[in-house]
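The structure appears right after this line, and notes come after that.
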Protein chains: 2
Amino acid sequence: MTDARVAGVGLTHFGVHPERTSRDLFAEAGLAALDDAGVAREDVAAVHYGNFMGELSEHQGHQGPLVAEALGLDVPATRYESACASSGVALRRAVRDVRNGEADVVVVGGAERMNNLETAESTDALAIAADGLYEVRAGMTFPGAYALMAASYFEQFGGSREDLAHIAVKNHANAVDNDRAQYQQAITVADALESPPVAEPLHLYDACPVTDGASALVLVSESYADTHDVSAPVAVTGTGQGGDKMALQDRQNMATSPAATDAATEAYADAGVSADDVDVAEVHDCFTIAEVMATESLGFFDPGAGITAAREGVTTKDGRLPVNLSGGLKAKGHPVGATGTSQVAELTRLLRGDHVNSEHVADAQTAVAHNAGGTVASAVVHVLETVADTEADAA
Amino acid sequence: MTDARVAGVGLTHFGVHPERTSRDLFAEAGLAALDDAGVAREDVAAVHYGNFMGELSEHQGHQGPLVAEALGLDVPATRYESACASSGVALRRAVRDVRNGEADVVVVGGAERMNNLETAESTDALAIAADGLYEVRAGMTFPGAYALMAASYFEQFGGSREDLAHIAVKNHANAVDNDRAQYQQAITVADALESPPVAEPLHLYDACPVTDGASALVLVSESYADTHDVSAPVAVTGTGQGGDKMALQDRQNMATSPAATDAATEAYADAGVSADDVDVAEVHDCFTIAEVMATESLGFFDPGAGITAAREGVTTKDGRLPVNLSGGLKAKGHPVGATGTSQVAELTRLLRGDHVNSEHVADAQTAVAHNAGGTVASAVVHVLETVADTEADAA
């Protein structure tokens, strides 16, 4: 089995772009990734694409062939939908194809257009990631679901709104210099605490925004990287996926995410690393409490200790284990179908050393991306590691 | 690389079941497939699921974990959407995982609920498989698109409405004894010719119906089949996928489907067979003209010769190459997300000898399934072959 290497990354600006279709957004990101990789377009064997709610926001399905065409590629293209983990799932399929010798070069990414909807429409559309029969009809929306998870966490492990505020402050600080981010704007703990309530205990600054954007990666096989003039110093060495019951009411514990734990366990085993080896991570902080739970699912902290770590600054840019140096979903934004591969694009640049925040992880060799769907009914974890850049060595 | 064997198949009745959710439909098909396979539920490693328009018909996304839960499976589950080829694409991913040793046992299938929508709503929903900006806004719906393809075919190669009627008559005849079929009802050429126009030259009997239903397969690795008490005498030996420009207006020729040709070429090469080796096929006859074009894309007939073959009865149940012995989309029905794996379920039973129409293909060893999305902007082809039933041999 060969490594799957990240040869190129591309990101649109994450923000409010209601006039741009998802195919337009993905074309920008995909062409940027191809340009970054420097691979010949005719070498691309397939497109793997994540999109969540194009049926509702653009009345458009069957986006696989549509986005391949937007990139000028005449290749098989597949659309994956796993709510907010859509492009994470697409990445898993792309990685497996490259590692198993099914393809030497693939484009994988995702896009979402959301701000062309009214706020009530987008809240309603996002709710299709929950159980329509047993949750949504009872009035549940995602802020409410994550509020239940936060309340449950506080009850089991302690913690406070102020602890969560530290996550928001950290991620906003990380985004200040990231020109792809929706909010390049620092906030204070007081700002977060004083922001209006959304669903107690969560307030406005506990929630990620509604975002339009796209992300893309070019993956190549080890042998392709070795025999072509491409630089691909980061490999995806581990992939894991987990599933859980859809409705919160059916879970044994609302303050843990076994799907993410399963995904992390599989990804670490696949890569031959442990949580202790991880130098930097991007996690799915759709709400601040989600970041806390993600860092526990990934094994960085014991259950209940993630909130303490957040309060104590362990995961800040200068902490022991920087988390969401991109700004995360919270400040960089969350164009749903684009988020999974966006995390890997950011980590690749952090490991390559050409990210605006690379200086904070100068010696990093191992990174983890954690992408979750709904209330973590699905989860995908990928491990990235730096590898000897054989092409650069040969040059 | 190991073979992927079909150990079990399951199908709901295909028909009008507006009161049943897609998860309910899939649970029936999936549990039937597990029962047919006789594999232990705890051996299942993943669920691969195709669904096209759940966002619009049920306001439900993220159906992967939902249908896994409906089967009582606590495993990673992924939803694939490629319009009418959704479960064909899911199957391709499942086959690759089993063949590459990523999993020993997987459930793959699909479901669609459509009849809970009003007719105008379902026509509108189906249109999201076409290009929303350049086709649908100009007034195109799928009957219109396939009418353009039929008109173009007639212009280039000749042919008539009466020729197409033979396809409808054949597929209805094949469905008469298939208790899974929506229409177990024979029709005549006169019935077809006299049916009301939908979009000239296509009339009512040229079109498949709007169908609710689900299908599922249990795939196992060769080694699992050899070491467990399961009967899996059919292997998926070839898989291929192709893509094309989404909008008809961007195609060089509306009377050919290069995406399907590409998929077939790849699948045959993968299996090490040629079109001449094929004994029986299920093809994507969403409209009668689509079956003609499919049989040409698959290399059974030269371009322009498929219509003659249909007229001459080459593809009837007692013809040289029976096509759509299940009744096809035309008479068995087309629950969009379920169709791809439904074709393979039917072919598996035909090859195993326990299909109501098995007598017509008693010596068949090689079968092909052709599943297409939209106006064949995406296509998936699978080759099935009988293998020595080692479990039966050992018994």
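A note on labels: chains of the structure tokens are A, B, ... as shown, every chain counts residues from 1, and ligands are counted from 1 in their shown order.
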
task = Using only C-alpha atoms, select each residue of chain A with any atom at most 7 Å away from an atom of chain B, and give the selection as a ChimeraX atom specification.
result = /A:55-56,59-62,64-66,69,74-83,100,128-129,132,241-246,377-378

inquiry  = Set the distance at 6 Å and use only C-alpha atoms: which residues neighbour Ala214 of chain A once local chain neighbours fewer than 3 positions away are removed? I'd like the list as a ChimeraX atom specification.
reply    = /A:11-12,25-26,29,110-111,338

Using only C-alpha atoms, which residues sit within 8 Å of Val16 of chain A once same-chain residues fewer than 5 positions away are excluded, as a compact mmCIF listing (two decimals) with C-alpha atoms, in the first residue's frame?
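Dumped to out-v7.txt:
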# COMPACT_ATOMS: atom_id res chain seq x y z
CA ASN A 115 -26.20 32.73 2.59
CA GLN A 182 -14.93 34.88 7.74
CA VAL A 210 -23.38 30.61 8.28
CA THR A 211 -20.72 30.50 5.58
CA ASP A 212 -20.31 30.17 1.83

inquiry  = So the first atom is atom CA of Thr123 of chain B and the second is atom CA of Leu202 of chain B; what is the distance between them in Å, to one decimal place?
reply    = 16.0 Å

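Residues in contact range of Val292 of chain B, defined as at most 9 Å between only C-alpha atoms, with sequence neighbours fewer than 4 positions away removed, read B:Leu164, B:Ile167, B:Asp285, B:Thr288, B:Glu296, B:Ser297, B:Gly304, B:Ala305, B:Gly306, B:Ile307, B:Ala309, B:Ala310.
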
message = Between atom CA of Thr227 of chain A and atom CA of Glu28 of chain A, what is the distance in Å, rounded to a tenth?
response =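 A separation of 27.3 Å between them.
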
query = Skipping near chain neighbours, those fewer than 6 positions away, what residues fall within 10 Å of Ile289 of chain A using only C-alpha atoms, listed as a ChimeraX atom specification?
reply = /A:146-147,149-151,153-154,161,163-165,167-168,201-202,206-207,255,306-307

message = Just the number, please: distance in Å from atom CA of Gly139 of chain A to atom CA of Pro335 of chain A, one decimal.
response =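 The value is 23.7 Å.
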
In segment 11-182 of chain A, DSSP helix (DSSP H, G or I) residues written as a PDB file with C-alpha atoms, in the first residue's frame:
ATOM      1  CA  SER A  22     -21.304  26.174  -5.229  1.00  0.00           C
ATOM      2  CA  ARG A  23     -19.896  25.086  -8.587  1.00  0.00           C
ATOM      3  CA  ASP A  24     -18.314  28.518  -8.963  1.00  0.00           C
ATOM      4  CA  LEU A  25     -16.873  28.371  -5.457  1.00  0.00           C
ATOM      5  CA  PHE A  26     -15.546  24.852  -6.010  1.00  0.00           C
ATOM      6  CA  ALA A  27     -13.993  25.789  -9.329  1.00  0.00           C
ATOM      7  CA  GLU A  28     -11.951  28.481  -7.571  1.00  0.00           C
ATOM      8  CA  ALA A  29     -10.777  26.129  -4.831  1.00  0.00           C
ATOM      9  CA  GLY A  30     -10.153  23.190  -7.149  1.00  0.00           C
ATOM     10  CA  LEU A  31      -8.208  25.193  -9.714  1.00  0.00           C
ATOM     11  CA  ALA A  32      -6.158  26.737  -6.899  1.00  0.00           C
ATOM     12  CA  ALA A  33      -5.369  23.237  -5.601  1.00  0.00           C
ATOM     13  CA  LEU A  34      -4.351  22.034  -9.077  1.00  0.00           C
ATOM     14  CA  ASP A  35      -2.200  25.122  -9.486  1.00  0.00           C
ATOM     15  CA  ASP A  36      -0.629  24.605  -6.056  1.00  0.00           C
ATOM     16  CA  ALA A  37       0.086  20.964  -6.897  1.00  0.00           C
ATOM     17  CA  ARG A  41      -4.881  18.190 -15.448  1.00  0.00           C
ATOM     18  CA  GLU A  42      -4.975  15.124 -17.689  1.00  0.00           C
ATOM     19  CA  ASP A  43      -3.396  13.090 -14.874  1.00  0.00           C
ATOM     20  CA  GLY A  54     -27.403  21.886  -2.426  1.00  0.00           C
ATOM     21  CA  GLU A  55     -30.855  20.388  -2.967  1.00  0.00           C
ATOM     22  CA  LEU A  56     -32.323  22.960  -0.610  1.00  0.00           C
ATOM     23  CA  SER A  57     -30.098  25.990  -1.135  1.00  0.00           C
ATOM     24  CA  GLN A  63     -23.211  17.899  -8.276  1.00  0.00           C
ATOM     25  CA  GLY A  64     -20.395  15.429  -8.930  1.00  0.00           C
ATOM     26  CA  PRO A  65     -20.340  15.785 -12.718  1.00  0.00           C
ATOM     27  CA  LEU A  66     -21.217  19.456 -12.400  1.00  0.00           C
ATOM     28  CA  VAL A  67     -18.133  20.349 -10.369  1.00  0.00           C
ATOM     29  CA  ALA A  68     -15.834  18.106 -12.418  1.00  0.00           C
ATOM     30  CA  GLU A  69     -16.969  20.024 -15.482  1.00  0.00           C
ATOM     31  CA  ALA A  70     -16.381  23.309 -13.636  1.00  0.00           C
ATOM     32  CA  SER A  86     -19.432  15.451   3.809  1.00  0.00           C
ATOM     33  CA  SER A  87     -15.987  16.337   2.495  1.00  0.00           C
ATOM     34  CA  GLY A  88     -14.311  14.415   5.307  1.00  0.00           C
ATOM     35  CA  VAL A  89     -16.070  11.320   4.016  1.00  0.00           C
ATOM     36  CA  ALA A  90     -15.103  12.243   0.442  1.00  0.00           C
ATOM     37  CA  LEU A  91     -11.481  12.512   1.597  1.00  0.00           C
ATOM     38  CA  ARG A  92     -11.613   9.071   3.189  1.00  0.00           C
ATOM     39  CA  ARG A  93     -12.766   7.553  -0.094  1.00  0.00           C
ATOM     40  CA  ALA A  94     -10.127   9.475  -2.047  1.00  0.00           C
ATOM     41  CA  VAL A  95      -7.352   8.445   0.335  1.00  0.00           C
ATOM     42  CA  ARG A  96      -8.343   4.794   0.110  1.00  0.00           C
ATOM     43  CA  ASP A  97      -8.395   4.889  -3.680  1.00  0.00           C
ATOM     44  CA  VAL A  98      -4.907   6.360  -3.853  1.00  0.00           C
ATOM     45  CA  ARG A  99      -3.500   4.068  -1.184  1.00  0.00           C
ATOM     46  CA  THR A 119     -31.791  32.840   8.230  1.00  0.00           C
ATOM     47  CA  ALA A 120     -34.906  30.852   9.081  1.00  0.00           C
ATOM     48  CA  GLU A 121     -34.506  28.880   5.849  1.00  0.00           C
ATOM     49  CA  SER A 122     -30.882  28.011   6.549  1.00  0.00           C
ATOM     50  CA  THR A 123     -31.678  26.950  10.121  1.00  0.00           C
ATOM     51  CA  ASP A 124     -34.424  24.764   8.731  1.00  0.00           C
ATOM     52  CA  ALA A 125     -32.143  23.370   6.026  1.00  0.00           C
ATOM     53  CA  LEU A 126     -29.360  22.607   8.501  1.00  0.00           C
ATOM     54  CA  ALA A 127     -31.861  20.675  10.597  1.00  0.00           C
ATOM     55  CA  ILE A 128     -32.021  17.922   7.959  1.00  0.00           C
ATOM     56  CA  ALA A 129     -28.755  16.685   9.499  1.00  0.00           C
ATOM     57  CA  VAL A 136     -36.836  18.128  14.212  1.00  0.00           C
ATOM     58  CA  ARG A 137     -40.601  17.594  14.500  1.00  0.00           C
ATOM     59  CA  ALA A 138     -40.189  18.074  18.234  1.00  0.00           C
ATOM     60  CA  PHE A 142     -28.725  22.463  16.007  1.00  0.00           C
ATOM     61  CA  PRO A 143     -28.095  25.264  18.497  1.00  0.00           C
ATOM     62  CA  GLY A 144     -30.637  23.545  20.732  1.00  0.00           C
ATOM     63  CA  ALA A 145     -29.013  20.146  20.262  1.00  0.00           C
ATOM     64  CA  TYR A 146     -25.560  21.403  21.145  1.00  0.00           C
ATOM     65  CA  ALA A 147     -27.028  23.322  24.091  1.00  0.00           C
ATOM     66  CA  LEU A 148     -28.345  20.008  25.406  1.00  0.00           C
ATOM     67  CA  MET A 149     -24.895  18.500  24.940  1.00  0.00           C
ATOM     68  CA  ALA A 150     -23.269  21.447  26.744  1.00  0.00           C
ATOM     69  CA  ALA A 151     -25.737  21.267  29.619  1.00  0.00           C
ATOM     70  CA  SER A 152     -25.142  17.543  29.911  1.00  0.00           C
ATOM     71  CA  TYR A 153     -21.381  18.069  29.872  1.00  0.00           C
ATOM     72  CA  PHE A 154     -21.550  20.719  32.589  1.00  0.00           C
ATOM     73  CA  GLU A 155     -23.726  18.450  34.697  1.00  0.00           C
ATOM     74  CA  GLN A 156     -21.399  15.468  34.410  1.00  0.00           C
ATOM     75  CA  PHE A 157     -18.021  17.146  34.454  1.00  0.00           C
ATOM     76  CA  ARG A 161     -19.982  29.485  30.044  1.00  0.00           C
ATOM     77  CA  GLU A 162     -16.752  31.331  30.810  1.00  0.00           C
ATOM     78  CA  ASP A 163     -14.735  28.195  30.154  1.00  0.00           C
ATOM     79  CA  LEU A 164     -16.384  27.854  26.764  1.00  0.00           C
ATOM     80  CA  ALA A 165     -15.702  31.515  26.057  1.00  0.00           C
ATOM     81  CA  HIS A 166     -11.989  30.738  26.064  1.00  0.00           C
ATOM     82  CA  ILE A 167     -12.527  28.509  23.019  1.00  0.00           C
ATOM     83  CA  ALA A 168     -14.229  31.320  21.117  1.00  0.00           C
ATOM     84  CA  VAL A 169     -11.562  33.852  22.103  1.00  0.00           C
ATOM     85  CA  LYS A 170      -8.773  31.465  21.042  1.00  0.00           C
ATOM     86  CA  ASN A 171     -10.280  30.642  17.669  1.00  0.00           C
ATOM     87  CA  HIS A 172     -11.026  34.262  16.848  1.00  0.00           C
ATOM     88  CA  ALA A 173      -7.429  35.143  17.757  1.00  0.00           C
ATOM     89  CA  ASN A 174      -6.149  32.391  15.463  1.00  0.00           C
ATOM     90  CA  ALA A 175      -8.207  33.713  12.552  1.00  0.00           C
TER      91      ALA A 175
END

key: Which of A:His360, A:Pro209, A:Thr375, A:Lys330 sits closest to Thr256 of chain A [using only C-alpha atoms]   = A:Thr375

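With only C-alpha atoms as the atoms that count, the residue of B:Gly333, B:Gly109, B:Asp250, B:Gly299 with the shortest distance to Tyr134 of chain B is B:Asp250.
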
ask   = Near segment 216-226 of chain B, counting only C-alpha atoms, which residues have an atom at most 6 Å away, once you skip same-chain residues fewer than 4 positions from it, shown as a PyMOL selection string?
value = chain B and resi 2-10+29-30+33+98+104-109+230+391

request  = Mind checking which residues fall within 10 Å of Arg180 of chain A, counting only C-alpha atoms, ignoring those fewer than 3 positions away in the same chain, and posting them as a VMD selection string?
outcome  = chain A and resid 11 to 15 175 to 177 183 to 184 213 326 to 327 332 to 333

task = Step one, run DSSP on the backbone; step two, keep only residues of segment 27-61 of chain B assigned to strand (DSSP E); then write them as a ChimeraX atom specification.
result = /B:46-50

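Here the question is which of A:Met140, A:Ala388, A:Leu193, A:Val368 gets nearest to Ser160 of chain A using only C-alpha atoms, and that residue is A:Leu193.
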